[in-house]
Each structure stands twice: as structure tokens, then as C-alpha cells.
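Have a look at the structure below before the remarks.
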Amino acid sequence: MATVPPPKRKRRLALKILLGIVVFVAVACVVFLVAASVWDPVALPLSVGAAVVPALFYSWVVLSLDRYEKEPRRAILAAFGWGAVGAVLFSLIAEIIFDQILITSVGEDGATFLSIAIGAPFIEEFFKGIALLALLWFFRQEFDNVLDGLVYGALIGLGFAMTENILYFGQAYFEHGARGLGELFIVRAVIDGFGHALYTGTTGAALGWSRSRYHRGTGRIVVPIVGFGLAVFQHFLWNTGLIVIAGIQGGDASIWSVILIEMPLFTLPSLIILYLIARTSSRRELEILRTELAPEVQYGVLTPEEYRTLTTEPLRRQALHTARIRGGRPLQKTLQHFFQVAAELAFRKYHLSRGEHPKPGQQAPEDAYRAELARLRQELASAGVQPASFAG
């Protein structure tokens, strides 16, 4: 006799099916939009390649900032995918509506300026920021701090920029051929390659700071709002700067003269500040590992050598490199997983010590992490090595 699935499981399955349909429809809409906008058989592959390759490279750069506790692949893909599909689709719809309202209110000339200067920054950052709230809710156990928020925000921005760039590159090819596409590639993908990542990364960093407040203080509400405002303002400065600088230069204005003024004025300072924030947050993560994992040595969960390797960046890198040489990619992945589980144990202990109340479904006892470390150590031992032996 067949068993009837419990109501909760049936609801969960229904939600997954509904989510799958929504995702499929959204992806289909964006693919259709790209294909309809860049219909030329030469322009389409050139535009896609020129947009996708830098986006993937910059995503790798962003992810390399998060050294000690890697984010889960599903969260990474969700962040990038929302930026590339959901944020683009909803922003486009909202901007079309906003433009029509403006045209009827202030006329076409005024509508164009207000749409570029105000409409696009606010609407795009709003729909990119929604994904950060969703990630904080569904991946709270992985969304630990400022660095995690910055990484997720930057990935959303890079996904958004990728799809947007395909459309812009295609238009440039239609108007000025391969040379026009190449020039715009240098401007949008090289000089301003981190633009959208920078804006949404600011929102993410602020939300990450709020997450570390553990529901205490008004700052946890104020700071994310300020962070979102800063993201919109940075976006506003870039968009408005294009118009103002080109207007000041008059007939002598070129895309190069405008961008080479904009970049050091509006992008580079913010990029440096966010990088310094990321480095500071990364050092803070290392301090948490050292503090929370020290008792695990006393409990016998970690050996002193493993603790030293886990909490010393050069030794971690050396260990992973040596594992790759000795056992290839599989052995390196096993060792990386050992490091990851230890980091997750450290952050769980840290959050609990700061007053965190885990959501239902996130109740993973610390002993489960310790058991997993023991299992991984045994798996490594069966290959004739110990986790710390790779560090030399």
C-alpha cells in the first residue's frame, strides 16, 4: 500500500515546482530579449563572449577575497543568476513604466535625463538588493558578516552587468561595427568592469554588518538603508557624470575623455575603500577561526598542527597546493572540505556565543561538525596523509 506524503512535503514540492516554472519563464524571457536585441549571427556570439568572459573572471576575483569559509555553490549561483536574469528583467519592466510616467509629466528630454540619473540607479539597485535579503533569509547560516555580504552583492552586480553588457555590446556592433564593440568593451568591461559589483557590494556589506548585530540595536536597520542609499548614490554619480562631463566638454567630448575623468573621480576611490573593508573583514574572520578553534585542540578534535595550518594563510595555501600535486583535484577537494567544515564549526560557535538564535532547520549540533572532521581525517589518512602534513 502506497504511503501518502505528509502535507509539509507536498507543499515543499509544490513550491519547488512553482519556483522552477518561474525561473524557467524568467530565463526564457531574458534569452528572448537578448536574441531579439542582438539578432545578428556575428554580433550575438561576439557580444556574449565579450560580456561573459570578464564577468566570470571578475567573479573569480571576488570569490578569492573570501579565503577562510567558502560560500556554497548554490548560493553563489543564486546570487549571480538573480543579477543576470531576475534583476535585469524586473528592472527593465519598472524602467519602462517609470519612463512612460516621466514622458507624460516632463516631456521626452527631461524624461531621458531623469531616467538615466535617478530612475535607473534606484530601480536597478532596488531589484539587485532584493536578492541580498533573500540570501540573508535562506542562507543565513552562510551569510556570516560584512565580507560575505560584499561577496554576494558583488556577484549579483556582476551577473547584472553581464546581461546588460550583452545588450550594449550588440547595439555598439550594429552602430559602429566590431571597432565600436571593442571600444565599448574596454570602457564597460575593463575600465568600469566592477561598476555594478561595487554598487551592490556596498549594499551587501551594510547588510552583512547588520547581520552581525544579532537583532540588537537600531543600527541593524539604519545601516542597510544607508548602504542602499550609498549604492544608489554611487550609481547616480556615474550615470550623471557621463552626461555632465560630456556636456562640459561639448563638441570635443569622446567616450575616452569622459570615462578617464569619471573613473578616478567616482569609481576608483569607492573600489579602494571596499577592498580595504574586504581585507579587514577577512582578517576578522581569521581571528574568529583562531579564537573558536583553539578549544577544539584541547578537546582533541583538532591536532595542534591542524590548528596551525587552519589559522595560518601561507600554510593553508601550501597545504592545498601540495594536496593537488600529490593526489590531484580529488585530494585537494577533500582537504578543502576539511578546512571548510572547521571554519563552519568556528562560525557556528561564534554566532551562538554572540546571541544568535538559529532558524528551524538550521539546528546542526557542533558534534556533527566534529564527526565530519573525524571522517574527513580518516578519508585523508586512507590516502596515506594527514591534513597538516601538506603544509610541511
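Scheme for the C-alpha cells: letters A, B, ... for chains in order shown; per-chain residue numbers from 1; ligand numbers from 1 in order shown.
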
Could you produce a table of the residues of range 311-376 of chain A lying within 7 Å of range 280-300 of chain A, with the nearest pair of atoms per residue and their separation in Å rounded to one decimal, using only C-alpha atoms, ordered by chain and increasing residue number, as JSON lines?
{"residue": "A:Thr311", "atom": "CA", "partner": "A:Arg290", "partner_atom": "CA", "distance": 5.9}
{"residue": "A:Ala343", "atom": "CA", "partner": "A:Leu289", "partner_atom": "CA", "distance": 6.5}
{"residue": "A:Ala346", "atom": "CA", "partner": "A:Glu292", "partner_atom": "CA", "distance": 5.1}
{"residue": "A:Lys349", "atom": "CA", "partner": "A:Glu292", "partner_atom": "CA", "distance": 6.7}
{"residue": "A:Tyr350", "atom": "CA", "partner": "A:Glu292", "partner_atom": "CA", "distance": 6.7}

Writer output for current selection, all heavy atoms, as a PDB file, in the first residue's frame:
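Result saved to out-v5.pdb:
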ATOM      1  N   THR A 311      44.808  28.153  10.666  1.00  0.00           N
ATOM      2  CA  THR A 311      44.799  29.561  11.068  1.00  0.00           C
ATOM      3  C   THR A 311      46.018  30.336  10.572  1.00  0.00           C
ATOM      4  O   THR A 311      46.279  31.432  11.033  1.00  0.00           O
ATOM      5  CB  THR A 311      44.729  29.666  12.602  1.00  0.00           C
ATOM      6  OG1 THR A 311      45.836  28.953  13.177  1.00  0.00           O
ATOM      7  CG2 THR A 311      43.432  29.083  13.132  1.00  0.00           C
ATOM      8  N   ALA A 343      35.914  25.700   9.520  1.00  0.00           N
ATOM      9  CA  ALA A 343      35.505  27.107   9.527  1.00  0.00           C
ATOM     10  C   ALA A 343      34.027  27.238   9.892  1.00  0.00           C
ATOM     11  O   ALA A 343      33.638  28.136  10.652  1.00  0.00           O
ATOM     12  CB  ALA A 343      35.770  27.735   8.162  1.00  0.00           C
ATOM     13  N   ALA A 346      33.656  26.866  13.553  1.00  0.00           N
ATOM     14  CA  ALA A 346      34.111  28.076  14.246  1.00  0.00           C
ATOM     15  C   ALA A 346      33.055  29.171  14.192  1.00  0.00           C
ATOM     16  O   ALA A 346      32.750  29.816  15.209  1.00  0.00           O
ATOM     17  CB  ALA A 346      35.419  28.569  13.629  1.00  0.00           C
ATOM     18  N   LYS A 349      29.958  28.406  16.410  1.00  0.00           N
ATOM     19  CA  LYS A 349      30.250  28.684  17.815  1.00  0.00           C
ATOM     20  C   LYS A 349      30.282  30.190  18.076  1.00  0.00           C
ATOM     21  O   LYS A 349      29.777  30.669  19.099  1.00  0.00           O
ATOM     22  CB  LYS A 349      31.592  28.047  18.203  1.00  0.00           C
ATOM     23  CG  LYS A 349      31.584  26.530  18.213  1.00  0.00           C
ATOM     24  CD  LYS A 349      32.973  25.966  18.436  1.00  0.00           C
ATOM     25  CE  LYS A 349      33.544  26.375  19.782  1.00  0.00           C
ATOM     26  NZ  LYS A 349      34.891  25.812  20.009  1.00  0.00           N
ATOM     27  N   TYR A 350      30.845  30.933  17.129  1.00  0.00           N
ATOM     28  CA  TYR A 350      30.926  32.388  17.284  1.00  0.00           C
ATOM     29  C   TYR A 350      29.534  33.015  17.316  1.00  0.00           C
ATOM     30  O   TYR A 350      29.230  33.836  18.181  1.00  0.00           O
ATOM     31  CB  TYR A 350      31.747  32.972  16.138  1.00  0.00           C
ATOM     32  CG  TYR A 350      31.775  34.483  16.122  1.00  0.00           C
ATOM     33  CD1 TYR A 350      32.547  35.206  17.023  1.00  0.00           C
ATOM     34  CD2 TYR A 350      31.017  35.187  15.189  1.00  0.00           C
ATOM     35  CE1 TYR A 350      32.568  36.593  17.012  1.00  0.00           C
ATOM     36  CE2 TYR A 350      31.032  36.571  15.159  1.00  0.00           C
ATOM     37  CZ  TYR A 350      31.801  37.270  16.072  1.00  0.00           C
ATOM     38  OH  TYR A 350      31.815  38.644  16.056  1.00  0.00           O
TER      39      TYR A 350
END

Write out as a PyMOL selection string all residues of range 163-391 of chain A that DSSP puts in alpha helix (DSSP H) for this structure's backbone.
chain A and resi 163-185+195-211+219-249+255-262+268-299+304-310+313-353+366-382

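The spacing separating CA of Ala87 in chain A from CA of Leu158 in chain A amounts to 11.3 Å.
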
Any idea what's packed within 12 Å of Ser37 in chain A, counting only C-alpha atoms, ignoring anything in its chain fewer than 2 positions away? Could you give it as JSON, numbers by chain?
{"A": [30, 31, 32, 33, 34, 35, 39, 40, 41, 43, 44, 47, 163, 164, 165, 166, 167, 168, 169, 170, 171, 172, 173, 174]}

Using only C-alpha atoms, which residues of range 184-271 of chain A come within 12 Å of range 55-71 of chain A, and what is the closest atom pair for each, with the distance in Å to one decimal? Give it as a tab-separated table, sorted by chain and residue number.
residue	atom	partner	partner_atom	distance
A:Phe185	CA	A:Ala55	CA	11.9
A:Arg188	CA	A:Ala55	CA	11.1
A:Ala189	CA	A:Ala55	CA	8.1
A:Val190	CA	A:Tyr58	CA	10.1
A:Asp192	CA	A:Tyr58	CA	11.5
A:Gly193	CA	A:Tyr58	CA	7.9
A:Phe194	CA	A:Tyr58	CA	7.6
A:Gly195	CA	A:Tyr58	CA	11.2
A:His196	CA	A:Ala55	CA	10.9
A:Ala197	CA	A:Tyr58	CA	9.1
A:Leu198	CA	A:Val62	CA	10.7
A:Gly201	CA	A:Val62	CA	10.1

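Nearest to Trp209 in chain A of all the residues A:Gly229, A:Leu184, A:Leu19, A:Gly149 is A:Gly149, counting only C-alpha atoms.
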
Tell me, counting only C-alpha atoms, for each residue of range 287-341 of chain A within 9 Å of range 364-371 of chain A, which pair of atoms is nearest and how far apart they are in Å to one decimal, in rows ordered by chain and increasing number, as JSON lines.
{"residue": "A:Glu296", "atom": "CA", "partner": "A:Arg370", "partner_atom": "CA", "distance": 8.9}
{"residue": "A:Val301", "atom": "CA", "partner": "A:Arg370", "partner_atom": "CA", "distance": 6.4}
{"residue": "A:Leu302", "atom": "CA", "partner": "A:Arg370", "partner_atom": "CA", "distance": 8.9}
{"residue": "A:Val341", "atom": "CA", "partner": "A:Tyr369", "partner_atom": "CA", "distance": 6.3}

Generate a file of the selected residues that holds N, CA, C and O atoms, formatted as a PDB file, in the first residue's frame.
ATOM      1  N   GLU A 296      39.067  23.494  20.437  1.00  0.00           N
ATOM      2  CA  GLU A 296      38.927  22.204  19.768  1.00  0.00           C
ATOM      3  C   GLU A 296      40.216  21.400  19.818  1.00  0.00           C
ATOM      4  O   GLU A 296      40.191  20.174  19.720  1.00  0.00           O
ATOM      5  N   VAL A 301      39.678  17.454  19.084  1.00  0.00           N
ATOM      6  CA  VAL A 301      39.017  17.456  17.779  1.00  0.00           C
ATOM      7  C   VAL A 301      40.021  17.773  16.680  1.00  0.00           C
ATOM      8  O   VAL A 301      39.985  17.203  15.577  1.00  0.00           O
ATOM      9  N   LEU A 302      40.920  18.725  16.948  1.00  0.00           N
ATOM     10  CA  LEU A 302      41.990  19.102  16.025  1.00  0.00           C
ATOM     11  C   LEU A 302      43.339  18.861  16.687  1.00  0.00           C
ATOM     12  O   LEU A 302      43.468  19.014  17.908  1.00  0.00           O
ATOM     13  N   VAL A 341      34.701  22.683   6.796  1.00  0.00           N
ATOM     14  CA  VAL A 341      33.926  22.199   7.940  1.00  0.00           C
ATOM     15  C   VAL A 341      34.450  22.810   9.232  1.00  0.00           C
ATOM     16  O   VAL A 341      33.672  23.210  10.108  1.00  0.00           O
TER      17      VAL A 341
END

Within 7 Å of range 109-124 of chain A, counting only C-alpha atoms, which residues show up once you throw out same-chain ones fewer than 5 positions away? Write them as a count of residues only, please.
11

Near Trp238 in chain A, counting only C-alpha atoms, which residues have an atom at most 8 Å away, once you skip same-chain residues fewer than 4 positions from it, shown as number ranges by chain?
A: 234, 242, 262, 266-267

Would you save the residues of that selection, restricted to C-alpha atoms, as a PDB file, in the first residue's frame?
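Final output, saved to part_8.pdb:
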ATOM      1  CA  GLN A 234      27.399  55.856  -6.463  1.00  0.00           C
ATOM      2  CA  LEU A 242      28.585  60.805 -18.073  1.00  0.00           C
ATOM      3  CA  GLU A 262      34.872  59.530 -14.357  1.00  0.00           C
ATOM      4  CA  PHE A 266      33.703  58.261  -8.939  1.00  0.00           C
ATOM      5  CA  THR A 267      34.788  54.611  -9.129  1.00  0.00           C
TER       6      THR A 267
END

Separation of CA of Tyr199 in chain A from CA of Phe233 in chain A in Å
8.7 Å
